[in-house]
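Below: entry_4.cif (mmCIF, C-alpha atoms)
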```
data_upload
#
loop_
_atom_site.label_atom_id
_atom_site.label_comp_id
_atom_site.auth_asym_id
_atom_site.auth_seq_id
_atom_site.Cartn_x
_atom_site.Cartn_y
_atom_site.Cartn_z
CA MET A 1 18.16 -42.57 1.27
CA GLU A 2 20.39 -39.99 -0.44
CA ALA A 3 18.26 -40.07 -3.59
CA GLY A 4 15.10 -39.56 -1.56
CA GLY A 5 16.68 -36.68 0.37
CA LEU A 6 17.90 -35.03 -2.83
CA GLU A 7 14.47 -35.33 -4.41
CA TRP A 8 12.91 -33.76 -1.31
CA LEU A 9 15.23 -30.79 -1.77
CA LEU A 10 14.82 -30.44 -5.54
CA VAL A 11 11.02 -30.36 -5.53
CA PRO A 12 10.66 -27.09 -3.56
CA VAL A 13 13.58 -25.54 -5.48
CA GLN A 14 11.91 -26.36 -8.80
CA GLN A 15 8.66 -24.94 -7.46
CA LEU A 16 10.38 -21.70 -6.43
CA VAL A 17 12.03 -21.42 -9.84
CA SER A 18 8.66 -21.99 -11.50
CA TRP A 19 7.02 -19.31 -9.36
CA GLY A 20 9.90 -16.93 -10.03
CA ALA A 21 9.64 -17.44 -13.79
CA ALA A 22 5.88 -16.92 -13.69
CA GLY A 23 6.29 -13.74 -11.64
CA ALA A 24 8.93 -12.43 -14.03
CA MET A 25 6.60 -13.21 -16.91
CA VAL A 26 3.69 -11.33 -15.32
CA PHE A 27 5.56 -8.19 -14.22
CA GLY A 28 8.68 -8.21 -16.39
CA GLY A 29 6.96 -6.59 -19.36
CA VAL A 30 6.03 -3.44 -17.43
CA VAL A 31 9.44 -2.92 -15.78
CA PRO A 32 10.91 -0.89 -18.71
CA TYR A 33 8.07 1.62 -18.34
CA ILE A 34 8.73 2.39 -14.68
CA PRO A 35 11.79 4.62 -15.31
CA GLN A 36 9.96 6.16 -18.27
CA TYR A 37 6.96 7.00 -16.07
CA ARG A 38 9.14 8.46 -13.34
CA ASP A 39 11.13 10.51 -15.84
CA ILE A 40 7.97 12.03 -17.33
CA ARG A 41 6.68 12.91 -13.86
CA ARG A 42 10.01 14.44 -12.89
CA THR A 43 10.57 16.50 -16.05
CA GLN A 44 6.90 17.18 -16.85
CA ASN A 45 7.82 16.47 -20.46
CA ALA A 46 6.28 13.60 -22.43
CA GLU A 47 7.79 14.46 -25.82
CA GLY A 48 10.23 11.56 -25.66
CA PHE A 49 7.47 8.98 -25.27
CA SER A 50 5.11 8.08 -28.09
CA THR A 51 1.60 7.23 -26.96
CA TYR A 52 1.37 5.02 -30.05
CA VAL A 53 3.36 2.52 -27.97
CA CYS A 54 0.41 2.45 -25.58
CA LEU A 55 -1.99 2.00 -28.50
CA VAL A 56 -0.09 -0.98 -29.89
CA LEU A 57 0.23 -2.69 -26.51
CA LEU A 58 -3.40 -2.07 -25.58
CA VAL A 59 -4.62 -3.59 -28.86
CA ALA A 60 -2.22 -6.53 -28.61
CA ASN A 61 -3.10 -7.41 -25.03
CA ILE A 62 -6.86 -7.00 -25.46
CA LEU A 63 -6.69 -9.39 -28.42
CA ARG A 64 -4.56 -11.79 -26.39
CA ILE A 65 -7.16 -11.88 -23.59
CA LEU A 66 -9.90 -12.58 -26.13
CA PHE A 67 -7.72 -15.34 -27.62
CA TRP A 68 -7.62 -16.95 -24.15
CA PHE A 69 -11.40 -17.49 -24.26
CA GLY A 70 -10.99 -19.52 -27.46
CA ARG A 71 -7.84 -21.34 -26.49
CA HIS A 72 -6.69 -21.37 -22.88
CA PHE A 73 -2.99 -20.77 -22.33
CA GLU A 74 -0.95 -20.39 -19.15
CA SER A 75 -2.36 -18.09 -16.47
CA PRO A 76 0.85 -15.99 -16.15
CA LEU A 77 0.46 -14.93 -19.80
CA LEU A 78 -3.13 -13.90 -19.13
CA TRP A 79 -2.16 -11.90 -16.04
CA GLN A 80 0.69 -10.33 -17.97
CA SER A 81 -1.83 -8.88 -20.43
CA ILE A 82 -4.04 -7.52 -17.64
CA ILE A 83 -1.08 -5.86 -15.89
CA MET A 84 0.17 -4.40 -19.18
CA ILE A 85 -3.24 -2.89 -20.00
CA ILE A 86 -3.37 -1.20 -16.58
CA THR A 87 0.20 0.09 -17.04
CA MET A 88 -0.50 1.53 -20.49
CA LEU A 89 -3.61 3.31 -19.21
CA LEU A 90 -1.55 4.87 -16.42
CA MET A 91 1.06 5.98 -18.97
CA LEU A 92 -1.67 7.50 -21.16
CA LYS A 93 -3.16 9.36 -18.21
CA LEU A 94 0.16 10.90 -17.25
CA CYS A 95 1.17 11.78 -20.83
CA THR A 96 -2.19 13.41 -21.56
CA GLU A 97 -2.10 15.52 -18.39
CA VAL A 98 1.48 16.64 -19.05
CA ARG A 99 0.89 17.39 -22.74
CA VAL A 100 -2.26 19.45 -22.17
CA SER A 101 -0.59 21.35 -19.33
CA ASN A 102 2.46 22.13 -21.48
CA GLU A 103 0.31 23.30 -24.41
CA LEU A 104 -1.43 25.78 -22.12
CA ASN A 105 1.89 26.99 -20.66
CA ILE A 106 3.33 27.55 -24.14
CA LYS A 107 0.35 29.72 -25.05
CA ARG A 108 0.77 31.69 -21.86
CA ARG A 109 4.48 32.27 -22.53
CA SER A 110 3.83 33.32 -26.15
CA PHE A 111 1.30 35.93 -25.07
CA ALA A 112 3.62 37.20 -22.34
CA ALA A 113 6.51 37.49 -24.81
CA ALA A 114 4.33 39.49 -27.19
CA ASP A 115 3.42 41.79 -24.30
CA SER A 116 -0.03 42.24 -25.76
CA LYS A 117 -2.73 43.44 -23.39
CA ASP A 118 -5.44 43.05 -25.97
CA GLU A 119 -4.88 39.35 -26.52
CA GLU A 120 -6.68 36.87 -24.34
CA ILE A 121 -4.98 33.69 -23.16
CA LYS A 122 -6.88 30.81 -24.65
CA ALA A 123 -6.68 27.17 -23.72
CA PRO A 124 -5.52 24.77 -26.44
CA PRO A 125 -8.37 23.45 -28.61
CA LYS A 126 -10.17 20.50 -27.10
CA ARG A 127 -9.83 17.33 -29.13
CA SER A 128 -12.31 14.58 -28.31
CA TYR A 129 -12.71 10.94 -29.31
CA LEU A 130 -16.37 11.64 -30.10
CA ASP A 131 -15.35 14.22 -32.74
CA PHE A 132 -14.35 11.27 -34.96
CA ASP A 133 -11.60 13.42 -36.51
CA LEU A 134 -8.94 11.05 -37.88
CA ASN A 135 -6.41 13.89 -37.98
CA TYR A 136 -6.40 13.91 -34.19
CA PHE A 137 -6.81 10.20 -33.59
CA TRP A 138 -4.98 9.20 -30.40
CA HIS A 139 -4.12 12.86 -29.74
CA TRP A 140 -7.08 13.73 -27.56
CA SER A 141 -7.22 16.28 -24.76
CA LYS A 142 -8.72 14.12 -22.01
CA PHE A 143 -7.78 10.73 -20.63
CA THR A 144 -11.46 9.71 -20.64
CA ASP A 145 -11.42 9.86 -24.46
CA TYR A 146 -8.73 7.18 -24.55
CA VAL A 147 -10.72 5.06 -22.11
CA GLN A 148 -13.83 5.38 -24.30
CA CYS A 149 -11.84 4.31 -27.36
CA VAL A 150 -10.36 1.29 -25.55
CA LEU A 151 -13.78 0.25 -24.23
CA THR A 152 -15.32 0.60 -27.70
CA PHE A 153 -12.58 -1.52 -29.28
CA THR A 154 -12.92 -4.12 -26.52
CA GLY A 155 -16.69 -4.25 -26.90
CA VAL A 156 -16.65 -4.61 -30.69
CA THR A 157 -13.86 -7.20 -30.82
CA GLY A 158 -15.35 -9.03 -27.84
CA TYR A 159 -18.72 -9.31 -29.57
CA ILE A 160 -17.12 -10.53 -32.82
CA THR A 161 -15.09 -13.08 -30.85
CA TYR A 162 -18.25 -14.28 -29.08
CA LEU A 163 -19.94 -14.87 -32.45
CA TRP A 164 -16.97 -16.73 -33.95
CA LEU A 165 -15.64 -18.50 -30.87
CA ASP A 166 -16.49 -21.91 -32.29
CA SER A 167 -14.35 -21.30 -35.37
CA SER A 168 -10.87 -22.73 -34.91
CA LEU A 169 -9.54 -20.66 -37.82
CA PHE A 170 -10.85 -17.43 -36.28
CA VAL A 171 -9.40 -18.22 -32.85
CA GLU A 172 -5.96 -19.08 -34.23
CA THR A 173 -5.99 -15.93 -36.40
CA LEU A 174 -6.96 -13.85 -33.37
CA GLY A 175 -4.03 -15.27 -31.42
CA PHE A 176 -1.64 -14.54 -34.27
CA LEU A 177 -2.88 -10.95 -34.60
CA ALA A 178 -2.43 -10.41 -30.85
CA VAL A 179 1.20 -11.45 -30.67
CA PHE A 180 2.10 -10.12 -34.15
CA THR A 181 0.85 -6.66 -33.18
CA GLU A 182 3.06 -6.69 -30.10
CA ALA A 183 5.98 -8.03 -32.12
CA MET A 184 5.77 -5.00 -34.42
CA LEU A 185 6.22 -2.60 -31.49
CA GLY A 186 9.88 -1.89 -32.27
CA VAL A 187 9.44 -1.36 -36.01
CA PRO A 188 8.49 2.37 -35.82
CA GLN A 189 11.68 3.02 -33.82
CA LEU A 190 13.72 0.98 -36.27
CA TYR A 191 12.33 2.99 -39.18
CA ARG A 192 12.77 6.30 -37.38
CA ASN A 193 16.44 5.52 -36.70
CA TYR A 194 16.90 4.64 -40.37
CA GLN A 195 15.31 7.92 -41.45
CA ASN A 196 17.43 9.99 -39.06
CA ARG A 197 20.58 7.95 -39.70
CA SER A 198 21.01 8.26 -35.94
CA THR A 199 19.82 6.81 -32.63
CA GLU A 200 20.26 10.08 -30.77
CA GLY A 201 17.52 10.64 -28.18
CA MET A 202 16.79 6.91 -27.90
CA SER A 203 17.53 5.18 -24.61
CA VAL A 204 19.96 2.32 -25.26
CA LYS A 205 19.34 1.09 -21.71
CA MET A 206 15.66 0.70 -22.54
CA VAL A 207 16.44 -1.25 -25.72
CA LEU A 208 18.69 -3.60 -23.73
CA MET A 209 15.86 -4.13 -21.25
CA TRP A 210 13.50 -4.88 -24.12
CA THR A 211 15.98 -7.34 -25.65
CA SER A 212 16.57 -9.23 -22.40
CA GLY A 213 12.84 -9.27 -21.62
CA ASP A 214 11.85 -10.47 -25.08
CA THR A 215 14.54 -13.17 -25.00
CA PHE A 216 13.34 -14.44 -21.62
CA LYS A 217 9.75 -14.33 -22.79
CA THR A 218 10.49 -16.29 -25.96
CA VAL A 219 12.39 -18.98 -24.05
CA TYR A 220 9.48 -19.15 -21.59
CA PHE A 221 7.04 -19.64 -24.48
CA ILE A 222 9.10 -22.46 -25.97
CA LEU A 223 9.79 -24.30 -22.70
CA ASN A 224 6.16 -24.11 -21.56
CA GLN A 225 4.82 -25.13 -24.97
CA ALA A 226 2.71 -22.00 -25.40
CA PRO A 227 0.65 -21.70 -28.61
CA PHE A 228 3.00 -21.56 -31.59
CA GLN A 229 1.96 -17.96 -32.39
CA PHE A 230 3.62 -16.81 -29.17
CA SER A 231 6.97 -18.45 -29.95
CA ILE A 232 7.14 -17.26 -33.57
CA CYS A 233 6.32 -13.65 -32.75
CA GLY A 234 8.58 -13.72 -29.70
CA LEU A 235 11.48 -14.61 -31.99
CA LEU A 236 10.45 -11.76 -34.31
CA GLN A 237 10.53 -9.32 -31.37
CA VAL A 238 14.04 -10.42 -30.46
CA PHE A 239 15.12 -9.97 -34.08
CA VAL A 240 13.76 -6.38 -34.17
CA ASP A 241 15.45 -5.57 -30.83
CA ILE A 242 18.79 -6.86 -32.12
CA ALA A 243 18.36 -4.85 -35.32
CA ILE A 244 17.89 -1.67 -33.25
CA LEU A 245 21.02 -2.48 -31.22
CA LEU A 246 22.93 -2.94 -34.48
CA GLN A 247 21.74 0.52 -35.50
CA VAL A 248 23.16 1.90 -32.25
CA TYR A 249 26.56 0.40 -33.09
CA LEU A 250 26.45 1.40 -36.77
CA TYR A 251 25.39 5.02 -36.28
CA SER A 252 27.70 5.52 -33.27
CA TYR A 253 30.89 4.30 -34.92
CA TYR A 254 29.99 5.22 -38.50
CA PRO A 255 27.94 8.44 -38.21
CA GLN A 256 26.03 9.36 -41.32
CA LYS A 257 24.49 12.54 -42.58
CA PRO A 258 20.80 12.68 -41.53
CA VAL A 259 18.20 12.58 -44.28
CA PRO A 260 15.76 15.54 -44.19
CA HIS A 261 12.21 14.42 -43.56
CA THR A 262 9.03 15.59 -41.98
CA ALA A 263 8.64 14.37 -38.43
CA HIS A 264 5.45 12.54 -37.65
CA PRO A 265 4.33 11.31 -34.24
CA ALA A 266 3.29 7.95 -35.63
CA SER A 267 6.90 7.16 -36.50
CA THR A 268 8.08 7.39 -32.91
CA LYS A 269 8.46 4.67 -30.37
CA ALA A 270 9.79 5.78 -27.02
CA LEU A 271 12.27 3.43 -25.43
#
```
Spell out the structure here as structure tokens.
Amino acid sequence: MEAGGLEWLLVPVQQLVSWGAAGAMVFGGVVPYIPQYRDIRRTQNAEGFSTYVCLVLLVANILRILFWFGRHFESPLLWQSIIMIITMLLMLKLCTEVRVSNELNIKRRSFAAADSKDEEIKAPPKRSYLDFDLNYFWHWSKFTDYVQCVLTFTGVTGYITYLWLDSSLFVETLGFLAVFTEAMLGVPQLYRNYQNRSTEGMSVKMVLMWTSGDTFKTVYFILNQAPFQFSICGLLQVFVDIAILLQVYLYSYYPQKPVPHTAHPASTKAL
């Protein structure tokens, strides 16, 4: 009787834990971006956030969804990718609006400081996806340009996947590319910290959130027997996160002279 009563109690508890883990898996990945989004809205300054983070996550999650058509994995992982794509598009929309607005305000202030009546205030040059100018790739002036690029990438990769869906090698490679791309998300920040010999301007709180999230995600992959690509790249993500935290300790307690270098937006990952 006691065993039967205990089993009756454990079943719903296990179900709740399972639902909780699935919910954390679906929404946990976007949580670190909520304070980032609110901070950009509050300060109207997007300089601290690299839109290349959005690019990496959009590519990774689009590839992961395509991988699902070739090899079905757990639904929470599929929904996680959908939620992440929506979140990154919202981040891109906000960053683009803020950046374009700030560029125009800087021009206005420069003309006012010069006190020149002959000069005309001009809007910053429009940069469009359809210009096909690699110098301004992912630095466009309108959110719709980013959407066009994402749709083009999705269409091309989707068509290629449709043609090669019967190939096991292609499907497994697609899955590896999806999770490996996401696993490399922290590498630009790691390299930037190394170049600067400092972690100044980087949110340690955000790195801790990434580390805890990636650890939970990797354990989830292993326990639920997700495709091996997920587990391997999850471990790689945790390793990169820990390496960044080690940089925080090293450069805080043993400050080093920064190495002069030319800043480049591609080397920035906002955390």
Subject >> Selected residue of minimal separation from Leu92 in chain A among A:Leu174, A:Leu66, A:Leu77, A:Leu57, counting only C-alpha atoms >> reply: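 Under the stated criterion, the closest residue is A:Leu57.
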Original post:
Using the chain letters and numbers from the file, which residues does the PyMOL selection byres ((chain A and resi 226-237) around 12) grab, as number ranges by chain?
Top reply: A: 60, 64, 67-68, 70-78, 171-187, 190, 207, 210-225, 238-244
**OP:** List, as a list of chain:residue names, every residue that the PyMOL selection byres ((chain A and resi 80) around 9) selects in the file provided.
**Re:**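 Output from the PyMOL selection byres ((chain A and resi 80) around 9), applied to this file: A:Met25, A:Val26, A:Phe27, A:Gly28, A:Gly29, A:Val30, A:Asn61, A:Ser75, A:Pro76, A:Leu77, A:Leu78, A:Trp79, A:Ser81, A:Ile82, A:Ile83, A:Met84, A:Ile85.
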**OP:** Could you check how far CA of Ser50 in chain A sits from CA of Leu63 in chain A, in Å to one decimal?
**Re:** 21.1 Å
Subject >> Interatomic distance, CA of Arg99 in chain A to CA of Trp140 in chain A (Å, one decimal) >> reply: 10.0 Å
**OP:** List, as an MDAnalysis selection string, every residue that the PyMOL selection byres ((chain A and resi 98) around 10) selects in the file provided.
**Re:** chainID A and resid 40:41 43:47 92:97 99:103
If you keep C-alpha atoms, can you produce a file of those selected residues as a PDB file, keeping the file's coordinate frame?
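File written: part21.pdb
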```
ATOM      1  CA  ILE A  40       7.970  12.030 -17.330  1.00  0.00           C
ATOM      2  CA  ARG A  41       6.680  12.910 -13.860  1.00  0.00           C
ATOM      3  CA  THR A  43      10.570  16.500 -16.050  1.00  0.00           C
ATOM      4  CA  GLN A  44       6.900  17.180 -16.850  1.00  0.00           C
ATOM      5  CA  ASN A  45       7.820  16.470 -20.460  1.00  0.00           C
ATOM      6  CA  ALA A  46       6.280  13.600 -22.430  1.00  0.00           C
ATOM      7  CA  GLU A  47       7.790  14.460 -25.820  1.00  0.00           C
ATOM      8  CA  LEU A  92      -1.670   7.500 -21.160  1.00  0.00           C
ATOM      9  CA  LYS A  93      -3.160   9.360 -18.210  1.00  0.00           C
ATOM     10  CA  LEU A  94       0.160  10.900 -17.250  1.00  0.00           C
ATOM     11  CA  CYS A  95       1.170  11.780 -20.830  1.00  0.00           C
ATOM     12  CA  THR A  96      -2.190  13.410 -21.560  1.00  0.00           C
ATOM     13  CA  GLU A  97      -2.100  15.520 -18.390  1.00  0.00           C
ATOM     14  CA  ARG A  99       0.890  17.390 -22.740  1.00  0.00           C
ATOM     15  CA  VAL A 100      -2.260  19.450 -22.170  1.00  0.00           C
ATOM     16  CA  SER A 101      -0.590  21.350 -19.330  1.00  0.00           C
ATOM     17  CA  ASN A 102       2.460  22.130 -21.480  1.00  0.00           C
ATOM     18  CA  GLU A 103       0.310  23.300 -24.410  1.00  0.00           C
TER      19      GLU A 103
END
```
**OP:** Counting only C-alpha atoms, figure out which residue out of A:Leu104, A:Leu165, A:Met91, A:Ala24 gets nearest to Phe69 in chain A.
**Re:**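 Among the listed residues, A:Leu165 lies closest to Phe69 in chain A.
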